[in-house]
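Chemist: Quick one: this structure, given as structure tokens, is what I'll be asking you about.
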Amino acid sequence: MTAPTAAGLAAELTAELEGAVVPGRAEQEKAYLKSSLRHLGVPQPAMRAAVRGLLRRHPELDRPAVLALVEELWAPPVHESRSCAALLLEARAQLLVPADTALLERMLEQCGTWAHVDLIAPKAAGPLLLRYPETAAVLLRWSRREELWVRRGGVLGHLPALRSPEHFPVFFGDFGRLADPLLTDPRFFVRKALGWSLREGAKHHPEEVCDWLAGRLPRVSGLTLREALRPVPQDVRLRLLPGQV
């Protein structure tokens, strides 16, 4: 039996997406995301279902086949096709190895919306960090780049580690070194990413997050601080950040 090609699999998935179009959604979503991509108007749950269905029908897909399909889906400037490329990486994140950060970086460079960054970074780069802690150096390098979506990707690649009570103590030091010089970045999507990441850690390690913030308050934006402190108990705020209650 001939193995399916990346182009054939992409066509199969695209046909399924075209059958899940919601009339009127494309225009609304394109405006909301301020997107320059073509939008079909397919909700994300339907995209996830399409990716799951394809993987069930083709359980033989190994790492090279998955990566080839990701490349095929990412190439067209179509929102849903690129979303499915990112969802495919999420679904098969366990196949990724450190060398694949080059592909992830290129995808981040080509992102035109936070919607794709927020799939690629935490859902593909994040699990890779947990399995290969040395990729923290890659996330740090992404965070030092000026391109908005690559920088946001470097921050959000730490989300799974910070979200985990077990992994937080191992990775928070790396995250702190990455985040410290970004506190003065004036861009909304960087500040929001920093606050979101700190908030995930504060859900189970509020004192450590507040200690980190306490020494940096003059440089922390209000947006980052508000996001970070949302889960922090009032008594911890009073003790460690008395002026920020």
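In the structure tokens, each chain is lettered A, B, ... as it comes, each chain's residues begin at 1, and ligands are numbered from 1 in order of appearance.
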Can you build me a table of region 83-186 of chain A residues sitting at most 12 Å from region 214-219 of chain A, with the closest atom pair per residue and its distance in Å to one decimal, using only C-alpha atoms, sorted by chain and residue number, as JSON lines?
Modeler:
```
{"residue": "A:Gly176", "atom": "CA", "partner": "A:Arg216", "partner_atom": "CA", "distance": 11.1}
{"residue": "A:Ala179", "atom": "CA", "partner": "A:Arg216", "partner_atom": "CA", "distance": 11.0}
{"residue": "A:Asp180", "atom": "CA", "partner": "A:Arg216", "partner_atom": "CA", "distance": 8.2}
{"residue": "A:Pro181", "atom": "CA", "partner": "A:Arg219", "partner_atom": "CA", "distance": 9.2}
{"residue": "A:Leu182", "atom": "CA", "partner": "A:Arg219", "partner_atom": "CA", "distance": 9.3}
{"residue": "A:Leu183", "atom": "CA", "partner": "A:Arg219", "partner_atom": "CA", "distance": 5.9}
{"residue": "A:Thr184", "atom": "CA", "partner": "A:Arg219", "partner_atom": "CA", "distance": 5.9}
{"residue": "A:Asp185", "atom": "CA", "partner": "A:Arg219", "partner_atom": "CA", "distance": 9.6}
{"residue": "A:Pro186", "atom": "CA", "partner": "A:Arg219", "partner_atom": "CA", "distance": 10.8}
```
Chemist: Take the residues that were just selected and, keeping C-alpha atoms, output them as a CSV table (one decimal), in the first residue's frame.
Modeler:
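Writing the result to out_37.csv gives the following:
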```
chain,number,residue,atom,x,y,z
A,176,GLY,CA,12.9,34.8,35.5
A,179,ALA,CA,11.4,37.7,31.6
A,180,ASP,CA,13.4,40.3,33.5
A,181,PRO,CA,14.7,42.4,30.6
A,182,LEU,CA,11.3,42.1,28.9
A,183,LEU,CA,9.4,43.9,31.7
A,184,THR,CA,10.0,47.3,30.0
A,185,ASP,CA,8.8,46.1,26.5
A,186,PRO,CA,5.9,48.5,25.8
```
Chemist: Please list as a list in words every residue within 12 Å of Arg144 (chain A), counting only C-alpha atoms and excluding residues in the same chain fewer than 3 positions away.
Modeler: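 So the residues in contact are Ala137, Val138, Leu139, Leu140, Arg141, Glu147, Leu148, Trp149, Val150, Arg151, Arg152, Gly153, Gly154, Val155, Arg177, Leu178, Ala179, Asp180, Pro181, Leu182, Asp185 and Val190 of chain A.
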Chemist: Based on the selection just made, write N, CA and C atoms of those residues as a PDB file, in the first residue's frame.
Modeler:
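Final output, out-v3.pdb:
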```
ATOM      1  N   ALA A 137      17.424  27.400  26.334  1.00  0.00           N
ATOM      2  CA  ALA A 137      18.319  28.343  25.659  1.00  0.00           C
ATOM      3  C   ALA A 137      17.699  28.850  24.360  1.00  0.00           C
ATOM      4  N   VAL A 138      16.935  27.995  23.685  1.00  0.00           N
ATOM      5  CA  VAL A 138      16.256  28.421  22.452  1.00  0.00           C
ATOM      6  C   VAL A 138      15.158  29.430  22.781  1.00  0.00           C
ATOM      7  N   LEU A 139      14.363  29.147  23.813  1.00  0.00           N
ATOM      8  CA  LEU A 139      13.308  30.081  24.208  1.00  0.00           C
ATOM      9  C   LEU A 139      13.904  31.425  24.623  1.00  0.00           C
ATOM     10  N   LEU A 140      15.028  31.383  25.311  1.00  0.00           N
ATOM     11  CA  LEU A 140      15.693  32.625  25.694  1.00  0.00           C
ATOM     12  C   LEU A 140      16.100  33.414  24.449  1.00  0.00           C
ATOM     13  N   ARG A 141      16.629  32.715  23.468  1.00  0.00           N
ATOM     14  CA  ARG A 141      17.039  33.403  22.239  1.00  0.00           C
ATOM     15  C   ARG A 141      15.832  33.997  21.522  1.00  0.00           C
ATOM     16  N   GLU A 147      11.215  40.736  16.927  1.00  0.00           N
ATOM     17  CA  GLU A 147       9.938  40.431  16.295  1.00  0.00           C
ATOM     18  C   GLU A 147       8.914  40.056  17.365  1.00  0.00           C
ATOM     19  N   LEU A 148       7.758  40.706  17.317  1.00  0.00           N
ATOM     20  CA  LEU A 148       6.753  40.571  18.369  1.00  0.00           C
ATOM     21  C   LEU A 148       6.358  39.124  18.627  1.00  0.00           C
ATOM     22  N   TRP A 149       6.006  38.392  17.558  1.00  0.00           N
ATOM     23  CA  TRP A 149       5.453  37.053  17.777  1.00  0.00           C
ATOM     24  C   TRP A 149       6.521  36.040  18.158  1.00  0.00           C
ATOM     25  N   VAL A 150       7.747  36.241  17.705  1.00  0.00           N
ATOM     26  CA  VAL A 150       8.829  35.353  18.137  1.00  0.00           C
ATOM     27  C   VAL A 150       9.106  35.593  19.619  1.00  0.00           C
ATOM     28  N   ARG A 151       9.146  36.849  20.025  1.00  0.00           N
ATOM     29  CA  ARG A 151       9.374  37.164  21.438  1.00  0.00           C
ATOM     30  C   ARG A 151       8.265  36.606  22.316  1.00  0.00           C
ATOM     31  N   ARG A 152       7.018  36.798  21.907  1.00  0.00           N
ATOM     32  CA  ARG A 152       5.901  36.244  22.684  1.00  0.00           C
ATOM     33  C   ARG A 152       6.013  34.723  22.752  1.00  0.00           C
ATOM     34  N   GLY A 153       6.452  34.110  21.647  1.00  0.00           N
ATOM     35  CA  GLY A 153       6.628  32.665  21.654  1.00  0.00           C
ATOM     36  C   GLY A 153       7.668  32.209  22.656  1.00  0.00           C
ATOM     37  N   GLY A 154       8.747  32.976  22.802  1.00  0.00           N
ATOM     38  CA  GLY A 154       9.763  32.629  23.793  1.00  0.00           C
ATOM     39  C   GLY A 154       9.216  32.655  25.203  1.00  0.00           C
ATOM     40  N   VAL A 155       8.357  33.622  25.473  1.00  0.00           N
ATOM     41  CA  VAL A 155       7.740  33.721  26.804  1.00  0.00           C
ATOM     42  C   VAL A 155       6.770  32.560  27.029  1.00  0.00           C
ATOM     43  N   ARG A 177      15.004  34.763  34.322  1.00  0.00           N
ATOM     44  CA  ARG A 177      16.096  35.385  33.551  1.00  0.00           C
ATOM     45  C   ARG A 177      15.618  35.821  32.173  1.00  0.00           C
ATOM     46  N   LEU A 178      14.717  35.043  31.593  1.00  0.00           N
ATOM     47  CA  LEU A 178      14.159  35.407  30.294  1.00  0.00           C
ATOM     48  C   LEU A 178      13.275  36.647  30.418  1.00  0.00           C
ATOM     49  N   ALA A 179      12.446  36.671  31.467  1.00  0.00           N
ATOM     50  CA  ALA A 179      11.426  37.714  31.588  1.00  0.00           C
ATOM     51  C   ALA A 179      11.966  39.057  32.063  1.00  0.00           C
ATOM     52  N   ASP A 180      13.001  39.044  32.875  1.00  0.00           N
ATOM     53  CA  ASP A 180      13.442  40.286  33.529  1.00  0.00           C
ATOM     54  C   ASP A 180      13.669  41.442  32.552  1.00  0.00           C
ATOM     55  N   PRO A 181      14.444  41.286  31.488  1.00  0.00           N
ATOM     56  CA  PRO A 181      14.661  42.428  30.594  1.00  0.00           C
ATOM     57  C   PRO A 181      13.462  42.760  29.717  1.00  0.00           C
ATOM     58  N   LEU A 182      12.452  41.887  29.707  1.00  0.00           N
ATOM     59  CA  LEU A 182      11.267  42.148  28.883  1.00  0.00           C
ATOM     60  C   LEU A 182      10.226  42.982  29.604  1.00  0.00           C
ATOM     61  N   ASP A 185       9.344  46.140  27.905  1.00  0.00           N
ATOM     62  CA  ASP A 185       8.838  46.111  26.532  1.00  0.00           C
ATOM     63  C   ASP A 185       7.446  46.760  26.539  1.00  0.00           C
ATOM     64  N   VAL A 190       3.420  41.366  24.580  1.00  0.00           N
ATOM     65  CA  VAL A 190       4.534  40.894  25.403  1.00  0.00           C
ATOM     66  C   VAL A 190       4.164  41.021  26.876  1.00  0.00           C
TER      67      VAL A 190
END
```
Chemist: With only C-alpha atoms as the basis for distance, which of A:His158, A:Arg106, A:His79, A:Arg57 is at the shortest distance from Gly41 (chain A)?
Modeler: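 Using only C-alpha atoms, Gly41 (chain A) sits closest to A:His79.
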Chemist: Rank nothing, just name the residue among A:Pro169, A:Pro122, A:Gly157, A:Pro43 nearest to Gly24 (chain A), using only C-alpha atoms.
Modeler: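 With only C-alpha atoms as the atom set, the closest residue is A:Pro43.
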Chemist: Could you pull out the alpha helix (DSSP H) residues of region 52-174 of chain A from DSSP and send them as a ChimeraX atom specification?
Modeler: /A:52-57,63-74,79-91,101-110,114-120,126-131,136-143,148-156,159-163,168-174
Chemist: Between CA of Val22 (chain A) and CA of Ala121 (chain A), what is the spacing in Å?
Modeler: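 Pair CA of Ala121 (chain A) / CA of Val22 (chain A) returns 27.5 Å.
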Chemist: Tell me which of A:Lys123, A:Arg145, A:Arg131, A:Arg38 sits closest to Leu88 (chain A), counting only C-alpha atoms.
Modeler: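 Once distances to Leu88 (chain A) are computed over only C-alpha atoms, the minimum belongs to A:Lys123.
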Chemist: Using only C-alpha atoms, which of the listed residues (A:Ala193, A:Val209, A:Val42, A:Val236) sits closest to Thr224 (chain A)?
Modeler: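 Nearest candidate to Thr224 (chain A) out of A:Ala193, A:Val209, A:Val42, A:Val236: A:Ala193.
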Chemist: Can you list, as a ChimeraX atom specification, every protein, DNA or RNA residue that comes within 12 Å of Val21 (chain A) when you count only C-alpha atoms, leaving out same-chain residues fewer than 3 positions away?
Modeler: /A:14-18,24-27,39-47,80
Chemist: Write out as a PDB file with C-alpha atoms, in the first residue's frame which residues come within 6 Å of region 59-73 of chain A when counting only C-alpha atoms, dropping same-chain ones fewer than 3 positions away.
Modeler:
```pdb
ATOM      1  CA  ALA A   6       1.811  15.299   2.596  1.00  0.00           C
ATOM      2  CA  LEU A  55      -4.700  11.070  12.729  1.00  0.00           C
ATOM      3  CA  ARG A  56      -7.133   8.247  13.496  1.00  0.00           C
ATOM      4  CA  SER A  81      -4.776  25.544   7.261  1.00  0.00           C
ATOM      5  CA  ARG A  82      -2.140  27.154   9.469  1.00  0.00           C
ATOM      6  CA  ALA A  85      -0.606  22.770  11.220  1.00  0.00           C
ATOM      7  CA  LEU A  95       7.446  13.244  18.446  1.00  0.00           C
TER       8      LEU A  95
END
```
Chemist: Write out as a tab-separated table a residue-level contact list of region 3-102 of chain A versus region 114-120 of chain A with cut-off 8 Å: for each qualifying residue the closest pair of atoms and the distance in Å to one decimal, counting only C-alpha atoms, rows sorted by chain and residue number upward.
Modeler:
```
residue	atom	partner	partner_atom	distance
A:Leu33	CA	A:Ala115	CA	7.7
A:Arg82	CA	A:His116	CA	7.6
A:Ser83	CA	A:His116	CA	6.3
A:Ala86	CA	A:Ile120	CA	5.6
A:Leu87	CA	A:Leu119	CA	7.1
A:Leu89	CA	A:Ile120	CA	7.5
A:Glu90	CA	A:Leu119	CA	7.5
```
Chemist: I need the chosen residues saved as a PDB file, in the first residue's frame, with C-alpha atoms.
Modeler:
```pdb
ATOM      1  CA  LEU A  33      -7.705  38.917  14.628  1.00  0.00           C
ATOM      2  CA  ARG A  82      -2.140  27.154   9.469  1.00  0.00           C
ATOM      3  CA  SER A  83      -4.221  26.529  12.557  1.00  0.00           C
ATOM      4  CA  ALA A  86      -0.261  24.078  14.776  1.00  0.00           C
ATOM      5  CA  LEU A  87      -2.925  21.692  16.086  1.00  0.00           C
ATOM      6  CA  LEU A  89       2.077  19.797  16.272  1.00  0.00           C
ATOM      7  CA  GLU A  90       0.099  19.872  19.509  1.00  0.00           C
TER       8      GLU A  90
END
```
